[in-house]
$ cat target.cif   # mmCIF, C-alpha atoms
data_work
loop_
_atom_site.label_atom_id
_atom_site.label_comp_id
_atom_site.auth_asym_id
_atom_site.auth_seq_id
_atom_site.Cartn_x
_atom_site.Cartn_y
_atom_site.Cartn_z
CA MET A 1383 66.35 125.91 94.28
CA LYS A 1384 68.47 127.02 91.32
CA LYS A 1385 65.35 128.16 89.44
CA THR A 1386 64.16 130.11 92.50
CA ILE A 1387 67.48 131.95 92.83
CA LEU A 1388 67.56 132.66 89.10
CA SER A 1389 63.99 133.98 89.21
CA LEU A 1390 64.80 136.16 92.20
CA CYS A 1391 67.86 137.62 90.44
CA PHE A 1392 65.75 138.32 87.35
CA LEU A 1393 63.08 140.10 89.38
CA LEU A 1394 65.67 142.21 91.22
CA ALA A 1395 67.31 143.21 87.94
CA LEU A 1396 63.95 144.03 86.37
CA ASN A 1397 63.02 146.16 89.39
CA ALA A 1398 66.33 148.04 89.24
CA PHE A 1399 65.83 148.91 85.57
CA SER A 1400 62.19 149.91 85.95
CA GLN A 1401 62.72 152.43 88.73
CA GLU A 1402 62.31 156.10 88.07
CA LYS A 1403 64.94 158.71 88.76
CA LYS A 1404 65.06 159.57 92.45
CA ILE A 1405 65.87 163.02 93.75
CA TRP A 1406 66.37 164.20 97.30
CA ALA A 1407 64.70 167.61 96.93
CA LYS A 1408 61.45 169.13 95.73
CA SER A 1409 61.13 168.59 91.99
CA ILE A 1410 61.02 171.77 89.94
CA ILE A 1411 61.82 170.27 86.55
CA ASN A 1412 60.48 172.40 83.68
CA GLN A 1413 59.51 175.12 86.17
CA LYS A 1414 60.94 178.55 86.88
CA ALA A 1415 64.09 178.28 89.00
CA PRO A 1416 64.21 180.07 92.35
CA LYS A 1417 66.08 183.33 92.43
CA LEU A 1418 69.83 182.80 92.82
CA VAL A 1419 70.47 183.95 96.38
CA VAL A 1420 73.81 183.59 98.15
CA GLU A 1421 75.17 185.04 101.34
CA LYS A 1422 78.67 185.69 99.99
CA TRP A 1423 80.54 185.01 96.77
CA LEU A 1424 83.90 183.33 97.37
CA SER A 1425 84.79 183.91 93.73
CA GLU A 1426 83.77 186.81 91.57
CA LYS A 1427 80.04 186.98 90.89
CA PRO A 1428 79.30 185.25 87.57
CA LYS A 1429 77.59 186.82 84.60
CA THR A 1430 74.70 184.48 83.91
CA LYS A 1431 72.62 186.41 81.35
CA GLY A 1432 72.09 184.34 78.21
CA LYS A 1433 73.81 181.29 79.72
CA PHE A 1434 72.82 177.95 81.11
CA VAL A 1435 73.50 177.88 84.85
CA LEU A 1436 74.46 174.70 86.65
CA ILE A 1437 74.15 175.06 90.43
CA ASP A 1438 75.74 172.40 92.61
CA PHE A 1439 74.68 172.27 96.26
CA TRP A 1440 77.51 170.64 98.17
CA ALA A 1441 79.59 170.48 101.39
CA THR A 1442 83.24 169.87 102.26
CA TRP A 1443 82.38 166.85 104.45
CA CYS A 1444 80.44 165.14 101.64
CA GLY A 1445 82.46 162.44 99.85
CA PRO A 1446 80.23 162.26 96.74
CA CYS A 1447 80.32 166.07 96.54
CA LYS A 1448 84.12 166.02 96.40
CA ILE A 1449 84.02 163.24 93.80
CA ALA A 1450 81.78 165.46 91.61
CA ILE A 1451 84.10 168.52 91.73
CA PRO A 1452 86.58 167.37 89.03
CA GLU A 1453 83.68 166.53 86.70
CA LEU A 1454 82.12 169.95 87.32
CA ASN A 1455 85.51 171.56 86.62
CA ARG A 1456 85.63 169.66 83.32
CA LEU A 1457 82.06 170.64 82.37
CA LYS A 1458 82.86 174.28 83.13
CA THR A 1459 85.75 174.14 80.67
CA GLU A 1460 84.00 172.04 78.02
CA PHE A 1461 80.92 174.28 77.85
CA GLU A 1462 82.51 177.62 78.78
CA ASN A 1463 80.66 179.49 76.00
CA ASP A 1464 77.22 178.28 77.07
CA LEU A 1465 77.41 177.25 80.73
CA VAL A 1466 78.17 178.87 84.09
CA VAL A 1467 78.88 176.44 86.93
CA ILE A 1468 78.27 177.57 90.50
CA GLY A 1469 78.92 175.65 93.70
CA ILE A 1470 76.93 176.68 96.78
CA SER A 1471 77.79 175.38 100.25
CA ASP A 1472 75.87 176.00 103.46
CA GLU A 1473 79.12 175.90 105.46
CA PRO A 1474 81.11 178.87 106.77
CA LYS A 1475 83.59 180.55 104.45
CA GLU A 1476 86.56 179.24 106.45
CA LYS A 1477 85.60 175.60 105.87
CA VAL A 1478 84.97 176.05 102.16
CA VAL A 1479 88.17 177.96 101.39
CA ALA A 1480 90.17 175.43 103.44
CA LEU A 1481 89.25 172.70 100.94
CA THR A 1482 92.16 172.56 98.53
CA SER A 1483 91.79 169.07 97.14
CA PRO A 1484 89.98 168.74 94.91
CA GLN A 1485 90.26 172.36 93.86
CA ILE A 1486 87.12 174.13 92.66
CA GLU A 1487 87.70 175.94 89.34
CA TYR A 1488 84.17 177.27 88.90
CA TYR A 1489 82.23 180.00 90.71
CA SER A 1490 81.73 179.44 94.40
CA ALA A 1491 79.50 180.90 97.08
CA ILE A 1492 78.22 180.22 100.58
CA ASP A 1493 74.69 180.35 101.92
CA THR A 1494 74.80 179.55 105.63
CA GLN A 1495 71.17 180.68 105.92
CA ARG A 1496 70.25 177.96 103.38
CA SER A 1497 67.94 180.23 101.35
CA MET A 1498 68.06 178.17 98.17
CA TYR A 1499 68.46 174.85 100.00
CA ASN A 1500 65.20 175.54 101.85
CA SER A 1501 63.29 176.77 98.79
CA LEU A 1502 64.28 173.57 96.96
CA GLU A 1503 63.72 171.42 100.07
CA ILE A 1504 67.10 169.75 99.55
CA LYS A 1505 67.47 166.66 101.72
CA GLY A 1506 70.57 165.12 100.13
CA ILE A 1507 73.73 166.40 98.48
CA PRO A 1508 75.26 166.76 96.03
CA HIS A 1509 72.16 168.14 94.36
CA CYS A 1510 72.35 169.99 91.05
CA ILE A 1511 69.94 172.00 88.98
CA LEU A 1512 70.59 173.03 85.37
CA ILE A 1513 68.76 176.19 84.42
CA ASP A 1514 68.29 177.35 80.83
CA PRO A 1515 68.86 180.99 79.75
CA ASN A 1516 65.13 181.67 80.24
CA GLY A 1517 65.30 180.61 83.90
CA ILE A 1518 63.63 177.21 83.53
CA VAL A 1519 65.08 174.14 85.27
CA ARG A 1520 65.95 171.54 82.63
CA TRP A 1521 67.76 168.97 84.80
CA GLU A 1522 67.74 168.26 88.51
CA GLY A 1523 69.05 165.67 90.88
CA TYR A 1524 71.99 163.75 92.20
CA PRO A 1525 74.68 164.21 89.52
CA LEU A 1526 76.32 160.80 90.10
CA LEU A 1527 73.15 158.65 90.11
CA THR A 1528 73.70 155.55 88.02
CA GLY A 1529 71.55 155.71 84.91
CA TYR A 1530 70.88 159.42 85.40
CA LYS A 1531 74.38 160.93 85.62
CA LEU A 1532 74.85 164.56 84.72
CA ASN A 1533 77.54 164.36 82.05
CA SER A 1534 78.67 166.00 78.81
CA GLU A 1535 76.12 164.16 76.68
CA VAL A 1536 73.21 165.20 78.89
CA ILE A 1537 74.28 168.85 78.95
CA LYS A 1538 75.03 168.94 75.22
CA ASP A 1539 71.60 167.46 74.46
CA ILE A 1540 69.83 170.02 76.67
CA ILE A 1541 71.76 172.93 75.15
CA GLU A 1542 71.10 171.75 71.58
CA LYS A 1543 67.37 171.25 72.26
CA PHE A 1544 67.17 174.74 73.75
CA LYS A 1545 69.00 176.35 70.83
CA SER A 1546 66.81 174.58 68.27
CA THR A 1547 63.57 175.68 69.97
CA ASP A 1548 64.54 179.11 71.33
CA THR A 1549 62.07 181.46 69.68
CA THR A 1550 63.69 184.62 71.09
CA LYS A 1551 66.63 184.16 68.70
CA GLN A 1552 64.29 183.70 65.74
CA LEU A 1553 62.50 187.03 66.19
#

$ encode --input "target.cif" --output "structure tokens"
Amino acid sequence: MKKTILSLCFLLALNAFSQEKKIWAKSIINQKAPKLVVEKWLSEKPKTKGKFVLIDFWATWCGPCKIAIPELNRLKTEFENDLVVIGISDEPKEKVVALTSPQIEYYSAIDTQRSMYNSLEIKGIPHCILIDPNGIVRWEGYPLLTGYKLNSEVIKDIIEKFKSTDTTKQL
């Protein structure tokens, strides 16, 4: 019996480590990002030219979304020279601006018509996409997913890879 339980635990652990990253949207990794469309900016409209753009699709009722906000605030500050962070909610303006804790320190917009949500076929939030300065999606998914978290190291690595291979700067 002990060997059976041990074997079962081993198989479960092996299965957990062998799984691929799961996303709850249409995958567009290494493809052109959809056009940034929002209904209304709740902050000023960001200047994105020449920057990486991190778009977070979220809602005020979503616990994991609210957990991600402080980390997104930190990433916005840490990478302020290279990265623009934008939060897009499909809720009405009144609901979004009523959220005061945690406070969003990055750009914010609403899209009650769900233009980008629908083009990305988002089925679960929070969902983030990281777009390089050429408009190509370099990271996508649930930013808190164990083993695939979107954190400083991931963003730094993507930015450094882009800068080392960006041929437009070498011309």

$ atom_distance --input "target.cif" --atom1 "CA of Ser1490 in chain A" --atom2 "CA of Ile1518 in chain A"
21.2 Å

$ atom_distance --input "target.cif" --atom1 "CA of Ser1534 in chain A" --atom2 "CA of Ile1486 in chain A"
18.1 Å

$ residues_around --input "target.cif" --residues "Tyr1488 in chain A" --least-positions-apart "3" --cutoff "10 Å" --atoms "all atoms listed in the file" --output "ChimeraX atom specification"
/A:1425-1426,1428,1451,1454-1459,1466-1469,1485

$ write_last_selection --input "target.cif" --atoms "C-alpha atoms" --output "compact mmCIF listing (two decimals), keeping the file's coordinate frame"
# COMPACT_ATOMS: atom_id res chain seq x y z
CA SER A 1425 84.79 183.91 93.73
CA GLU A 1426 83.77 186.81 91.57
CA PRO A 1428 79.30 185.25 87.57
CA ILE A 1451 84.10 168.52 91.73
CA LEU A 1454 82.12 169.95 87.32
CA ASN A 1455 85.51 171.56 86.62
CA ARG A 1456 85.63 169.66 83.32
CA LEU A 1457 82.06 170.64 82.37
CA LYS A 1458 82.86 174.28 83.13
CA THR A 1459 85.75 174.14 80.67
CA VAL A 1466 78.17 178.87 84.09
CA VAL A 1467 78.88 176.44 86.93
CA ILE A 1468 78.27 177.57 90.50
CA GLY A 1469 78.92 175.65 93.70
CA GLN A 1485 90.26 172.36 93.86

$ residues_near_point --input "target.cif" --point "(80.2, 173.4, 99.7)" --cutoff "10 Å" --atoms "only C-alpha atoms" --output "PyMOL selection string"
chain A and resi 1438-1444+1447-1448+1469-1475+1477-1479+1481+1486+1490-1493+1507-1508

$ resolve_selection --input "target.cif" --expression "the PyMOL selection byres ((chain A and resi 1431) around 10)" --output "PDB file with C-alpha atoms, in the coordinates of the input"
ATOM      1  CA  PRO A1428      79.300 185.250  87.570  1.00  0.00           C
ATOM      2  CA  LYS A1429      77.590 186.820  84.600  1.00  0.00           C
ATOM      3  CA  THR A1430      74.700 184.480  83.910  1.00  0.00           C
ATOM      4  CA  GLY A1432      72.090 184.340  78.210  1.00  0.00           C
ATOM      5  CA  LYS A1433      73.810 181.290  79.720  1.00  0.00           C
ATOM      6  CA  PHE A1434      72.820 177.950  81.110  1.00  0.00           C
ATOM      7  CA  VAL A1435      73.500 177.880  84.850  1.00  0.00           C
ATOM      8  CA  VAL A1466      78.170 178.870  84.090  1.00  0.00           C
ATOM      9  CA  PRO A1515      68.860 180.990  79.750  1.00  0.00           C
ATOM     10  CA  ASN A1516      65.130 181.670  80.240  1.00  0.00           C
ATOM     11  CA  GLY A1517      65.300 180.610  83.900  1.00  0.00           C
TER      12      GLY A1517
END

$ residues_around --input "target.cif" --residues "Gly1506 in chain A" --least-positions-apart "6" --cutoff "9 Å" --atoms "only C-alpha atoms" --output "number ranges by chain"
A: 1405-1407, 1524

$ residues_near_point --input "target.cif" --point "(74.2, 166.1, 89.5)" --cutoff "8 Å" --atoms "only C-alpha atoms" --output "CSV table (one decimal) with C-alpha atoms, in the coordinates of the input"
chain,number,residue,atom,x,y,z
A,1438,ASP,CA,75.7,172.4,92.6
A,1450,ALA,CA,81.8,165.5,91.6
A,1508,PRO,CA,75.3,166.8,96.0
A,1509,HIS,CA,72.2,168.1,94.4
A,1510,CYS,CA,72.4,170.0,91.0
A,1511,ILE,CA,69.9,172.0,89.0
A,1522,GLU,CA,67.7,168.3,88.5
A,1523,GLY,CA,69.0,165.7,90.9
A,1524,TYR,CA,72.0,163.8,92.2
A,1525,PRO,CA,74.7,164.2,89.5
A,1526,LEU,CA,76.3,160.8,90.1
A,1527,LEU,CA,73.2,158.6,90.1
A,1531,LYS,CA,74.4,160.9,85.6
A,1532,LEU,CA,74.8,164.6,84.7

$ atom_distance --input "target.cif" --atom1 "CA of Lys1408 in chain A" --atom2 "CA of Arg1520 in chain A"
14.1 Å

$ closest_residue --input "target.cif" --among "A:Ala1480, A:Val1419, A:Leu1502, A:Leu1512" --to "Lys1538 in chain A" --atoms "only C-alpha atoms"
A:Leu1512
